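Okay, final_38.txt now, which holds compact mmCIF, C-alpha atoms and all ligand atoms:
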```txt
# COMPACT_ATOMS: atom_id res chain seq x y z
CA MET A 261 0.00 0.00 0.00
CA ASP A 262 1.11 3.52 -0.71
CA PRO A 263 1.70 5.44 2.56
CA THR A 264 0.27 8.53 0.90
CA ALA A 265 -3.13 6.78 0.69
CA ILE A 266 -3.25 6.46 4.46
CA VAL A 267 -2.18 10.07 4.91
CA ALA A 268 -4.94 11.19 2.53
CA ALA A 269 -7.51 9.08 4.38
CA ASP A 270 -6.26 10.50 7.66
CA ARG A 271 -6.81 14.06 6.47
CA ALA A 272 -10.35 13.17 5.30
CA THR A 273 -11.41 11.50 8.57
CA PRO A 274 -12.20 13.21 11.89
CA PRO A 275 -9.16 13.17 14.22
CA GLY A 276 -8.96 10.50 16.85
CA VAL A 277 -11.07 7.89 15.03
CA PRO A 278 -8.80 4.84 14.88
CA PHE A 279 -7.96 3.04 11.63
CA LEU A 280 -7.88 -0.72 11.53
CA HIS A 281 -5.83 -1.60 8.46
CA VAL A 282 -6.92 -4.87 6.84
CA GLY A 283 -3.44 -5.97 5.81
CA ASP A 284 -0.89 -5.60 2.99
CA LEU A 285 0.69 -2.42 4.22
CA ASP A 286 3.72 -3.91 2.43
CA TYR A 287 5.49 -3.75 5.78
CA HIS A 288 8.97 -5.24 5.57
CA PRO A 289 12.11 -4.62 7.63
CA ASP A 290 13.35 -2.32 4.89
CA SER A 291 10.14 -0.27 4.83
CA ALA A 292 9.69 0.01 8.62
CA ALA A 293 11.22 3.49 8.81
CA ILE A 294 8.89 4.77 6.09
CA TRP A 295 5.84 3.50 7.94
CA ALA A 296 7.07 4.94 11.24
CA ARG A 297 7.45 8.38 9.65
CA MET A 298 4.02 8.10 8.07
CA ALA A 299 2.36 7.09 11.33
CA ALA A 300 3.95 9.94 13.24
CA SER A 301 2.20 12.41 10.93
CA LEU A 302 -1.30 11.01 11.50
CA GLN A 303 -4.14 12.34 13.62
CA ARG A 304 -4.98 8.86 14.97
CA GLU A 305 -3.81 5.38 15.90
CA VAL A 306 -3.43 2.76 13.18
CA PHE A 307 -3.78 -0.93 13.97
CA ALA A 308 -2.57 -3.23 11.19
CA LEU A 309 -3.29 -6.87 10.45
CA HIS A 310 -0.80 -8.89 8.43
CA GLY A 311 -1.60 -9.47 4.81
CA ASN A 312 0.20 -11.74 2.41
CA HIS A 313 2.50 -8.95 1.28
CA ASP A 314 3.90 -8.10 4.70
CA ARG A 315 6.68 -9.58 6.76
CA PHE A 316 6.03 -9.06 10.44
CA GLU A 317 8.34 -10.90 12.82
CA LEU A 318 7.03 -14.23 14.06
CA ALA A 319 7.63 -13.08 17.64
CA TRP A 320 5.12 -10.29 17.01
CA ARG A 321 2.73 -12.77 15.44
CA ASP A 322 2.93 -14.84 18.63
CA ALA A 323 2.24 -11.89 20.93
CA THR A 324 -1.00 -11.89 22.90
CA GLU A 325 -1.76 -8.21 22.41
CA PRO A 326 -1.00 -5.51 19.82
CA VAL A 327 2.69 -4.84 19.25
CA ARG A 328 3.65 -1.19 18.95
CA LEU A 329 5.87 -0.69 15.91
CA ALA A 330 6.06 3.09 16.10
CA PRO A 331 4.12 5.94 17.69
CA GLN A 332 0.52 5.54 16.44
CA LEU A 333 1.23 2.28 14.59
CA SER A 334 0.63 -1.16 16.06
CA PHE A 335 0.62 -4.66 14.65
CA VAL A 336 -2.35 -6.81 15.66
CA PRO A 337 -1.61 -10.54 16.08
CA ASP A 338 -4.17 -13.01 14.77
CA GLY A 339 -6.85 -13.94 17.24
CA THR A 340 -6.72 -10.59 19.03
CA VAL A 341 -9.98 -8.96 20.10
CA LEU A 342 -9.82 -5.16 20.04
CA THR A 343 -12.50 -3.04 21.66
CA PHE A 344 -13.56 0.24 20.08
CA GLY A 345 -16.35 2.13 21.81
CA GLY A 346 -17.69 -1.08 23.32
CA LEU A 347 -17.57 -2.93 19.99
CA ARG A 348 -15.67 -6.22 20.19
CA VAL A 349 -13.66 -6.61 17.00
CA GLY A 350 -11.97 -9.92 16.23
CA CYS A 351 -8.85 -9.63 14.07
CA VAL A 352 -7.38 -12.28 11.77
CA GLY A 353 -4.81 -11.55 9.04
CA GLY A 354 -3.18 -13.75 6.45
CA ALA A 355 -3.82 -15.04 2.94
CA THR A 356 -2.09 -17.12 0.30
CA SER A 357 -0.34 -15.25 -2.50
CA ILE A 358 -1.43 -16.25 -5.97
CA ASP A 359 1.61 -14.33 -7.26
CA ARG A 360 4.14 -16.17 -5.11
CA ARG A 361 5.85 -17.38 -8.29
CA ASP A 362 6.79 -13.79 -9.13
CA ARG A 363 7.52 -12.52 -5.62
CA GLU A 364 9.65 -15.29 -4.15
CA PRO A 365 12.65 -14.82 -6.47
CA ILE A 366 12.98 -11.16 -5.50
CA GLY A 367 12.70 -11.84 -1.78
CA ARG A 368 9.36 -10.10 -1.30
CA TRP A 369 7.42 -13.13 -0.21
CA ASP A 370 6.75 -14.27 3.34
CA PRO A 371 6.69 -18.05 3.81
CA HIS A 372 4.50 -17.37 6.83
CA GLU A 373 1.91 -15.33 4.95
CA ALA A 374 -0.89 -17.81 5.67
CA LEU A 375 -2.34 -18.67 9.07
CA ARG A 376 -0.27 -21.00 11.22
CA PRO A 377 -2.17 -23.64 13.23
CA SER A 378 -1.57 -21.73 16.48
CA GLU A 379 -3.13 -18.61 14.94
CA VAL A 380 -6.17 -20.51 13.71
CA ALA A 381 -6.62 -21.98 17.19
CA ARG A 382 -6.35 -18.58 18.85
CA ALA A 383 -8.83 -17.04 16.44
CA MET A 384 -11.30 -19.88 16.91
CA ALA A 385 -11.14 -19.23 20.66
CA MET A 386 -11.82 -15.48 20.51
CA GLY A 387 -15.40 -15.97 21.67
CA PRO A 388 -18.35 -14.03 20.29
CA VAL A 389 -17.39 -10.76 18.60
CA ASP A 390 -19.51 -7.95 17.17
CA LEU A 391 -17.38 -7.62 14.05
CA LEU A 392 -14.74 -9.78 12.41
CA VAL A 393 -11.97 -8.03 10.47
CA THR A 394 -9.80 -10.21 8.27
CA HIS A 395 -7.31 -9.85 5.46
CA CYS A 396 -8.66 -12.72 3.38
CA PRO A 397 -12.44 -12.83 2.93
CA PRO A 398 -14.32 -16.01 3.89
CA GLN A 399 -14.62 -18.58 1.12
CA ASP A 400 -18.39 -18.16 0.80
CA VAL A 401 -17.93 -14.43 0.25
CA ILE A 402 -15.21 -15.02 -2.35
CA GLU A 403 -17.53 -17.37 -4.22
CA ARG A 404 -20.17 -14.67 -4.26
CA LEU A 405 -17.67 -12.32 -5.89
CA LEU A 406 -17.11 -14.52 -8.94
CA LEU A 407 -13.60 -13.24 -9.46
CA PRO A 408 -12.23 -13.34 -12.99
CA LYS A 409 -10.82 -16.77 -13.67
CA ASP A 410 -8.20 -15.18 -15.91
CA LEU A 411 -6.42 -14.04 -12.75
CA LEU A 412 -5.73 -17.66 -11.77
CA ARG A 413 -4.65 -18.53 -15.31
CA HIS A 414 -2.28 -15.57 -15.33
CA TYR A 415 -0.43 -16.95 -12.31
CA GLY A 416 -0.40 -20.52 -13.60
CA LEU A 417 -2.97 -21.81 -11.11
CA PRO A 418 -5.75 -24.25 -11.99
CA LEU A 419 -9.30 -22.90 -12.03
CA SER A 420 -10.05 -25.23 -9.12
CA TRP A 421 -7.53 -23.41 -6.88
CA ARG A 422 -8.87 -22.17 -3.56
CA ASP A 423 -7.04 -20.25 -0.86
CA PRO A 424 -7.01 -22.52 2.21
CA VAL A 425 -7.01 -19.40 4.38
CA ALA A 426 -10.43 -18.46 3.00
CA ALA A 427 -11.92 -21.72 4.30
CA GLN A 428 -10.23 -21.14 7.67
CA ILE A 429 -11.70 -17.64 7.88
CA GLN A 430 -15.15 -19.00 7.08
CA ALA A 431 -14.80 -21.51 9.93
CA ILE A 432 -13.48 -18.85 12.31
CA ARG A 433 -16.40 -16.58 11.47
CA ALA A 434 -18.83 -19.36 12.35
CA ALA A 435 -16.96 -20.05 15.59
CA VAL A 436 -17.19 -16.43 16.76
CA GLY A 437 -20.93 -16.13 16.16
CA GLN A 438 -21.12 -15.40 12.41
CA PRO A 439 -20.72 -11.64 12.89
CA PRO A 440 -20.48 -9.10 10.06
CA VAL A 441 -17.09 -9.39 8.37
CA VAL A 442 -14.87 -6.72 6.82
CA SER A 443 -11.97 -7.94 4.71
CA GLY A 444 -9.15 -6.74 2.49
CA HIS A 445 -6.96 -8.66 0.04
CA ILE A 446 -9.35 -8.37 -2.89
CA HIS A 447 -8.68 -5.00 -4.46
CA VAL A 448 -12.26 -4.40 -5.57
CA PRO A 449 -14.66 -2.85 -3.05
CA PHE A 450 -17.66 -5.02 -2.31
CA ALA A 451 -20.70 -4.71 -0.10
CA ALA A 452 -23.17 -7.52 0.51
CA PRO A 453 -25.25 -6.43 3.51
CA GLU A 454 -27.40 -9.56 3.20
CA LEU A 455 -24.27 -11.61 3.87
CA GLY A 456 -22.97 -9.14 6.42
CA ALA A 457 -19.82 -9.01 4.27
CA TYR A 458 -17.77 -6.08 3.08
CA ILE A 459 -14.46 -5.75 1.26
CA VAL A 460 -12.73 -2.44 1.72
CA GLY A 461 -11.03 -2.20 -1.69
CA MET A 462 -7.67 -0.74 -2.60
CA ASP A 463 -6.55 2.43 -0.77
CA ARG A 464 -10.05 3.07 0.61
CA VAL A 465 -11.66 3.65 3.98
CA LEU A 466 -14.79 1.77 5.05
CA PRO A 467 -16.60 3.53 7.90
CA TRP A 468 -18.12 1.32 10.55
CA PRO A 469 -21.03 0.94 10.90
CA VAL A 470 -21.47 0.99 7.15
CA PRO A 471 -24.03 3.59 6.02
CA ASP A 472 -27.35 2.29 4.71
CA ASP A 473 -26.67 3.62 1.21
CA ALA A 474 -24.15 0.91 0.31
CA ASP A 475 -24.72 0.18 -3.37
CA PRO A 476 -26.89 -2.94 -3.85
CA GLU A 477 -24.95 -3.71 -7.04
CA GLY A 478 -22.07 -4.70 -4.86
CA ARG A 479 -19.94 -1.58 -5.04
CA HIS A 480 -19.97 0.99 -2.32
CA ARG A 481 -19.21 4.63 -2.60
CA PHE A 482 -16.67 5.48 0.04
CA PRO A 483 -13.69 7.70 -0.61
FE FE B 501 -3.49 -9.58 0.20
```

Encoded form (structure tokens):
Amino acid sequence: MDPTAIVAADRATPPGVPFLHVGDLDYHPDSAAIWARMAASLQREVFALHGNHDRFELAWRDATEPVRLAPQLSFVPDGTVLTFGGLRVGCVGGATSIDRRDREPIGRWDPHEALRPSEVARAMAMGPVDLLVTHCPPQDVIERLLLPKDLLRHYGLPLSWRDPVAAQIQAIRAAVGQPPVVSGHIHVPFAAPELGAYIVGMDRVLPWPVPDDADPEGRHRFP
């Protein structure tokens, strides 16, 4: 993600309202200083999940509470429940890269991008939450999206390919009471209120609760 997108969203959002980033900041050891500088300029706290294009240290992933990376920027380990204004928000990052073939040779691929068994177990044990925020959407939501099959062909994957993380997220959602779910990973914004499912989209902000005027065609109109 481009740091300037977060700065722009920060300027367009009332101060003090926290951001929960749905993953793929593109946080790597060599970009940590850039993100720290960005966060210091914000009017709020940012809590970030891990995506499949991040490389957070495994020790942070194993922490039992958010890990502060810089002033106003914290990493949220999988299976953490954050509370915002009385709202219990369950957090689970991770996804499988379909473009691993291209990213691995240049060292921008994290072998731990998916959920490890310990993280799945922790997430399953979060207890009921009011909202689930994930990087990868649940499998049933992905199937509703009908993503272009050409994308899989482009990366040399069979049309039958499924991200195992998506099935894990679907199971975790059921285990924590089937709450509304907000996800990232898919770059196209998506709103399916009847499924209680939302995908933020690339470089966008999704207010919560989502306004009633979310587009029934599946696209919402947030900045
Ligand atoms: Fe992703």

message: Considering all atoms listed in the file, can you say which of A:Asp314, A:Asp463, A:Asp362, A:Asp400 comes closest to ligand FE 501 (chain B)?
response: A:Asp314

query: Got a sec to check which residues lie within 8 Å of ligand FE 501 (chain B), using all atoms listed in the file, and send them as a ChimeraX atom specification?
result: /A:283-284,311-313,354-357,395-396,444-446

- line: In terms of only C-alpha atoms, the residue from A:Pro398, A:Pro471, A:Gly367, A:Pro388 at minimal distance from A:Gly350 is A:Pro388

- request: In the coordinate frame of the file, compute which residues have an atom within 8 Å of (-3.8, -10.1, 14.0) when using only C-alpha atoms, and state them as number ranges by chain.
  value: A: 308-310, 321, 326, 335-340, 351-353

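Using all atoms listed in the file for every distance, the candidate list A:Arg368, A:Arg271, A:Arg328, A:Arg361 yields A:Arg368 as the residue closest to A:Arg315.
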
Around (-17.9, -13.7, 18.6) in the file's frame, which residues reach within 12 Å when counting all atoms listed in the file? Return as a PDB file with C-alpha atoms, keeping the file's coordinate frame?
```
ATOM      1  CA  GLY A 339      -6.850 -13.940  17.240  1.00  0.00           C
ATOM      2  CA  THR A 340      -6.720 -10.590  19.030  1.00  0.00           C
ATOM      3  CA  VAL A 341      -9.980  -8.960  20.100  1.00  0.00           C
ATOM      4  CA  LEU A 342      -9.820  -5.160  20.040  1.00  0.00           C
ATOM      5  CA  LEU A 347     -17.570  -2.930  19.990  1.00  0.00           C
ATOM      6  CA  ARG A 348     -15.670  -6.220  20.190  1.00  0.00           C
ATOM      7  CA  VAL A 349     -13.660  -6.610  17.000  1.00  0.00           C
ATOM      8  CA  GLY A 350     -11.970  -9.920  16.230  1.00  0.00           C
ATOM      9  CA  CYS A 351      -8.850  -9.630  14.070  1.00  0.00           C
ATOM     10  CA  ALA A 383      -8.830 -17.040  16.440  1.00  0.00           C
ATOM     11  CA  MET A 384     -11.300 -19.880  16.910  1.00  0.00           C
ATOM     12  CA  ALA A 385     -11.140 -19.230  20.660  1.00  0.00           C
ATOM     13  CA  MET A 386     -11.820 -15.480  20.510  1.00  0.00           C
ATOM     14  CA  GLY A 387     -15.400 -15.970  21.670  1.00  0.00           C
ATOM     15  CA  PRO A 388     -18.350 -14.030  20.290  1.00  0.00           C
ATOM     16  CA  VAL A 389     -17.390 -10.760  18.600  1.00  0.00           C
ATOM     17  CA  ASP A 390     -19.510  -7.950  17.170  1.00  0.00           C
ATOM     18  CA  LEU A 391     -17.380  -7.620  14.050  1.00  0.00           C
ATOM     19  CA  LEU A 392     -14.740  -9.780  12.410  1.00  0.00           C
ATOM     20  CA  VAL A 393     -11.970  -8.030  10.470  1.00  0.00           C
ATOM     21  CA  ILE A 432     -13.480 -18.850  12.310  1.00  0.00           C
ATOM     22  CA  ARG A 433     -16.400 -16.580  11.470  1.00  0.00           C
ATOM     23  CA  ALA A 434     -18.830 -19.360  12.350  1.00  0.00           C
ATOM     24  CA  ALA A 435     -16.960 -20.050  15.590  1.00  0.00           C
ATOM     25  CA  VAL A 436     -17.190 -16.430  16.760  1.00  0.00           C
ATOM     26  CA  GLY A 437     -20.930 -16.130  16.160  1.00  0.00           C
ATOM     27  CA  GLN A 438     -21.120 -15.400  12.410  1.00  0.00           C
ATOM     28  CA  PRO A 439     -20.720 -11.640  12.890  1.00  0.00           C
ATOM     29  CA  PRO A 440     -20.480  -9.100  10.060  1.00  0.00           C
ATOM     30  CA  VAL A 441     -17.090  -9.390   8.370  1.00  0.00           C
TER      31      VAL A 441
END
```

field: Minimum-distance residue to A:Pro424, chosen among A:Glu454, A:Glu373, A:Asp472, A:Asp410 (using all atoms listed in the file)
entry: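 Closest candidate: A:Glu373.
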
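Counting only C-alpha atoms and comparing A:Leu411, A:Leu466, A:Leu417, A:Ala330, the residue that lies closest to A:Phe450 is A:Leu466.
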
message: Could you check the closest approach to A:Pro274 for each of A:Pro467, A:Leu412, A:Ala426, A:Ala374 and tell me which residue wins, using all atoms listed in the file?
response: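 Nearest candidate to A:Pro274 out of A:Pro467, A:Leu412, A:Ala426, A:Ala374: A:Pro467.
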
query: How far is it from atom CA of A:Arg304 to atom CA of A:Val277, in Å with one decimal?
result: 6.2 Å
